[in-house]
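**Student:** Here's a structure for you.
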Amino acid sequence: MTDSQPNPVPVETHYVYTSLRSAFMVTTPHEPPVHPVYVIGGGPGGLAVAAALRARGVRAVVLEKSDAVGASWRAHYDRLRLHTTRRLSALPGLRIPRSFGRWVARADVVRYLEKYAEKHELEIVTGVEVFQVERAGEEWVLHATGGRRLTGRAVVVATGYNHTPHVPDWPGRDAYEGELSHARTYRNPEPYAGKDVLVVGIGNTGAEIAADLAEGGAARVRLAVRTVPHIVRRTTAGWPAQRSGILIRRLPVALVDRLGAVIARVATPDLTAYGLPRPDTGLATRQREGAVPVQDVGLIDAVRAGKVEIVAAVEAFEGGEVVLADGNRIAPDAVIAATGYRRALEPLLGHLDVLDGSGRPVTHGARCPRETPGLYFTGFTNPISGMLRELAIDAEKIARRIAKAGR
């Protein structure tokens with residue numbers, strides 16, 4: 001199908017934008033239409049796949065619902081840096097500039113993604129959201145903004161692991177009289193100067209926000225913990241935790257659990273006295289359950305100095321108070337819920353029977369479900385070896401499979 005209405009897209013120097021009209025297909029007077037591969041999402045995973053496809057002579061069109069690439073990275077808090085090294089975080093075909101340092105800052109990640117799209121001359125259509133994907137014989141139909149129907153030879157879903165902010169439906173949450181927000185809206189500690197703040201959740205985001213608040217002038221910072229995480233140093237004697245993750249990811253779970261316990265006793269102080277005992281579940285076992293270790297970027301020192309207090313998990317809200325699992329009640333000035341995200345793939349793909357019970361795609365090999373050839377996913381795992389590194393590996397696998405299928 002073709003679109004009868006033009007869809008002008010603002011042209012900026014950073015990107016090679018295309019219009020949605022031209023993104024449908026390539027035709028010649030004597031040949032049938034050649035549909036492109038559609039990549040849904042203009043983050044690192046989507047850009048990497050598009051570049052790998054282009055390098056193999058396969059036309060890929062990136063559909064991004066926001067107005068620029070790297071939208072999720074633009075929305076992260078100011079303090080954020082990659083927890084993976086610059087050398088092990090580059091996407092295919094472009095190194096991250098050495099001037100960005102070993103631990104690349106959020107703003108520099110955005111600059112890198114802009115340069116990546118420009119260098120590879122990627123076709124990117126912004127302001128277009130895909131609502132549903134359907135199979136049509138050997139092709140795929142995407143239902144998108146404005147009632148458009150796009151036909152592609154293959155589809156790569158790269159909408160991201162952290163897509164939709166999730167706040168638990170705590171009893172009394174909707175009637176809570178205090179300030180409650182998701183970590184997605186947190187930028188820096190300035191608005192919280194002199195305030196009593198409760199951060200809920202001790203994943204990497206919650207741990208880093210708590211440390212940021214403690215260093216940035218909050219009067220009191222408490223961190224609500226339900227499940228004690230594995231905390232690892234980002235580097236030990238110059239050796240990054242990411243390299244250890246790469247080395248151990250193929251080892252047996254029981255062996256990694258034992259190795260992790262030994263390394264923790266040597267490299268990480270025991271915080272039991274501060275309310276953070278060592279986990280009773282092994283590192284690899286926990287990772288199999290979907291939880292990666294928390295990399296220490298200031299939390300350990302803040303806890304030991306009393307600048308971040310560990311409290312029990314949140315159970316409910318009553319009036320202006322927060323009820324904790326141990327029965328205590330507190331009344332912070334602000335609550336920041338670092339309680340994770342949902343993939344939100346059900347409206348897009350739920351009817352295709354490619355998602356598991358938690359809403360994550362069930363894939364094999366080149367990130368493709370066995371029963372739906374031509375449909376691929378990238379960025380829906382939480383690897384201990386580093387997300388960007390795995391996105392780069394996935395991009396090459398997916399591009400090879402699509403190019404081979406085309407031949």
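Ligands are numbered from 1 in the order shown, chains are lettered A, B, ... in the order of the structure tokens, and residues start at 1 in each chain.
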Could you name the residues that touch A:Arg59 at 8 Å or less, counting only C-alpha atoms, but leaving out those on the same chain fewer than 2 positions away, as JSON, numbers by chain?
**Tutor:** {"A": [36, 37, 53, 54, 57, 61]}
**Student:** From stretch 215-402 of chain A, collect each residue whose DSSP state is helix (DSSP H, G or I) and return the set as an MDAnalysis selection string.
**Tutor:** chainID A and resid 215 241:248 253:267 272:274 283:288 299:304 346:352 387:402
**Student:** May I ask which of the residues A:Gly93, A:Gly160, A:Gly146, A:Gly41 is the closest one to A:Ala68, counting only C-alpha atoms?
**Tutor:**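 Comparing A:Gly93, A:Gly160, A:Gly146, A:Gly41 against A:Ala68, the winner is A:Gly41.
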**Student:** What is the distance between atom CA of A:Val156 and atom CA of A:Leu88, in Å to one decimal?
**Tutor:**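 Between atom CA of A:Val156 and atom CA of A:Leu88 the gap works out to 23.3 Å.
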**Student:** Excluding stretch 122-133 of chain A and residues on its chain fewer than 2 positions from it, collect all residues at most 6 Å away from it, counting only C-alpha atoms, and give them as a ChimeraX atom specification.
**Tutor:** /A:16-18,61-67,117,120,141-145,348
**Student:** Residues of the last selection are to be written out with N, CA, C and O atoms, as a compact mmCIF listing (two decimals), in the first residue's frame.
**Tutor:**
```txt
# COMPACT_ATOMS: atom_id res chain seq x y z
N VAL A 16 20.02 11.44 8.92
CA VAL A 16 19.57 11.28 7.54
C VAL A 16 18.11 10.87 7.62
O VAL A 16 17.78 9.69 7.65
N TYR A 17 17.22 11.86 7.72
CA TYR A 17 15.81 11.56 7.82
C TYR A 17 15.23 11.23 6.46
O TYR A 17 15.72 11.67 5.43
N THR A 18 14.14 10.50 6.47
CA THR A 18 13.39 10.25 5.24
C THR A 18 11.93 10.48 5.55
O THR A 18 11.53 10.50 6.71
N VAL A 61 14.51 0.89 7.36
CA VAL A 61 13.90 2.16 7.74
C VAL A 61 13.59 2.11 9.23
O VAL A 61 12.87 1.22 9.69
N VAL A 62 14.15 3.05 9.97
CA VAL A 62 13.93 3.13 11.41
C VAL A 62 12.71 4.00 11.68
O VAL A 62 12.65 5.15 11.22
N LEU A 63 11.76 3.48 12.43
CA LEU A 63 10.57 4.24 12.83
C LEU A 63 10.70 4.60 14.30
O LEU A 63 10.76 3.73 15.17
N GLU A 64 10.74 5.89 14.61
CA GLU A 64 10.94 6.37 15.97
C GLU A 64 9.78 7.29 16.35
O GLU A 64 9.49 8.27 15.64
N LYS A 65 9.11 6.98 17.45
CA LYS A 65 7.91 7.75 17.79
C LYS A 65 8.23 9.13 18.34
O LYS A 65 7.37 10.03 18.28
N SER A 66 9.43 9.35 18.87
CA SER A 66 9.79 10.69 19.36
C SER A 66 10.35 11.51 18.20
O SER A 66 10.28 11.11 17.04
N ASP A 67 10.92 12.66 18.52
CA ASP A 67 11.41 13.53 17.46
C ASP A 67 12.91 13.42 17.22
O ASP A 67 13.48 14.21 16.47
N ALA A 117 24.07 7.64 13.60
CA ALA A 117 23.04 7.71 12.57
C ALA A 117 23.52 8.49 11.36
O ALA A 117 23.24 8.13 10.21
N HIS A 120 26.39 6.44 9.28
CA HIS A 120 25.88 5.30 8.51
C HIS A 120 24.74 5.69 7.56
O HIS A 120 24.18 4.81 6.90
N VAL A 141 2.83 -6.41 8.10
CA VAL A 141 2.09 -5.14 8.02
C VAL A 141 2.16 -4.44 9.36
O VAL A 141 1.86 -5.04 10.41
N LEU A 142 2.56 -3.18 9.34
CA LEU A 142 2.66 -2.38 10.55
C LEU A 142 1.57 -1.33 10.53
O LEU A 142 1.45 -0.55 9.56
N HIS A 143 0.79 -1.28 11.58
CA HIS A 143 -0.25 -0.26 11.73
C HIS A 143 0.35 0.89 12.52
O HIS A 143 0.74 0.72 13.68
N ALA A 144 0.42 2.06 11.90
CA ALA A 144 1.19 3.16 12.48
C ALA A 144 0.37 4.44 12.56
O ALA A 144 -0.82 4.48 12.19
N THR A 145 1.02 5.47 13.05
CA THR A 145 0.42 6.78 13.24
C THR A 145 -0.38 7.22 12.01
O THR A 145 0.06 7.04 10.88
N LEU A 348 1.33 -4.35 20.89
CA LEU A 348 2.01 -4.43 19.60
C LEU A 348 2.03 -5.84 19.04
O LEU A 348 1.83 -6.05 17.83
```
**Student:** Counting only C-alpha atoms, figure out which residue out of A:Arg367, A:Arg184, A:Arg389, A:Arg400 gets nearest to A:Ala50.
**Tutor:** A:Arg400
**Student:** Could you give me, as JSON lines, every stretch 320-402 of chain A residue with an atom at most 10 Å from stretch 77-83 of chain A, plus its closest atom pair and distance in Å to one decimal, counting only C-alpha atoms, rows ordered by chain then number?
**Tutor:**
```
{"residue": "A:Gly386", "atom": "CA", "partner": "A:His83", "partner_atom": "CA", "distance": 7.9}
{"residue": "A:Met387", "atom": "CA", "partner": "A:His83", "partner_atom": "CA", "distance": 9.6}
{"residue": "A:Leu388", "atom": "CA", "partner": "A:Leu82", "partner_atom": "CA", "distance": 9.3}
```
**Student:** Calculated over only C-alpha atoms, which of the candidates A:Val157, A:Leu94, A:Asp280, A:Val354 has the smallest distance to A:Gly43?
**Tutor:** A:Val157
**Student:** Would you mind telling me which residue in A:Leu213, A:Ala219, A:Val266, A:Val322 lies nearest to A:Gly172 when using only C-alpha atoms?
**Tutor:**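 The answer is A:Val322, which sits nearest to A:Gly172.
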**Student:** Atom CA of A:Val362 and atom CA of A:Glu346 are how many Å apart?
**Tutor:**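 Taking atom CA of A:Val362 as the start and atom CA of A:Glu346 as the end point, the length is 12.9 Å.
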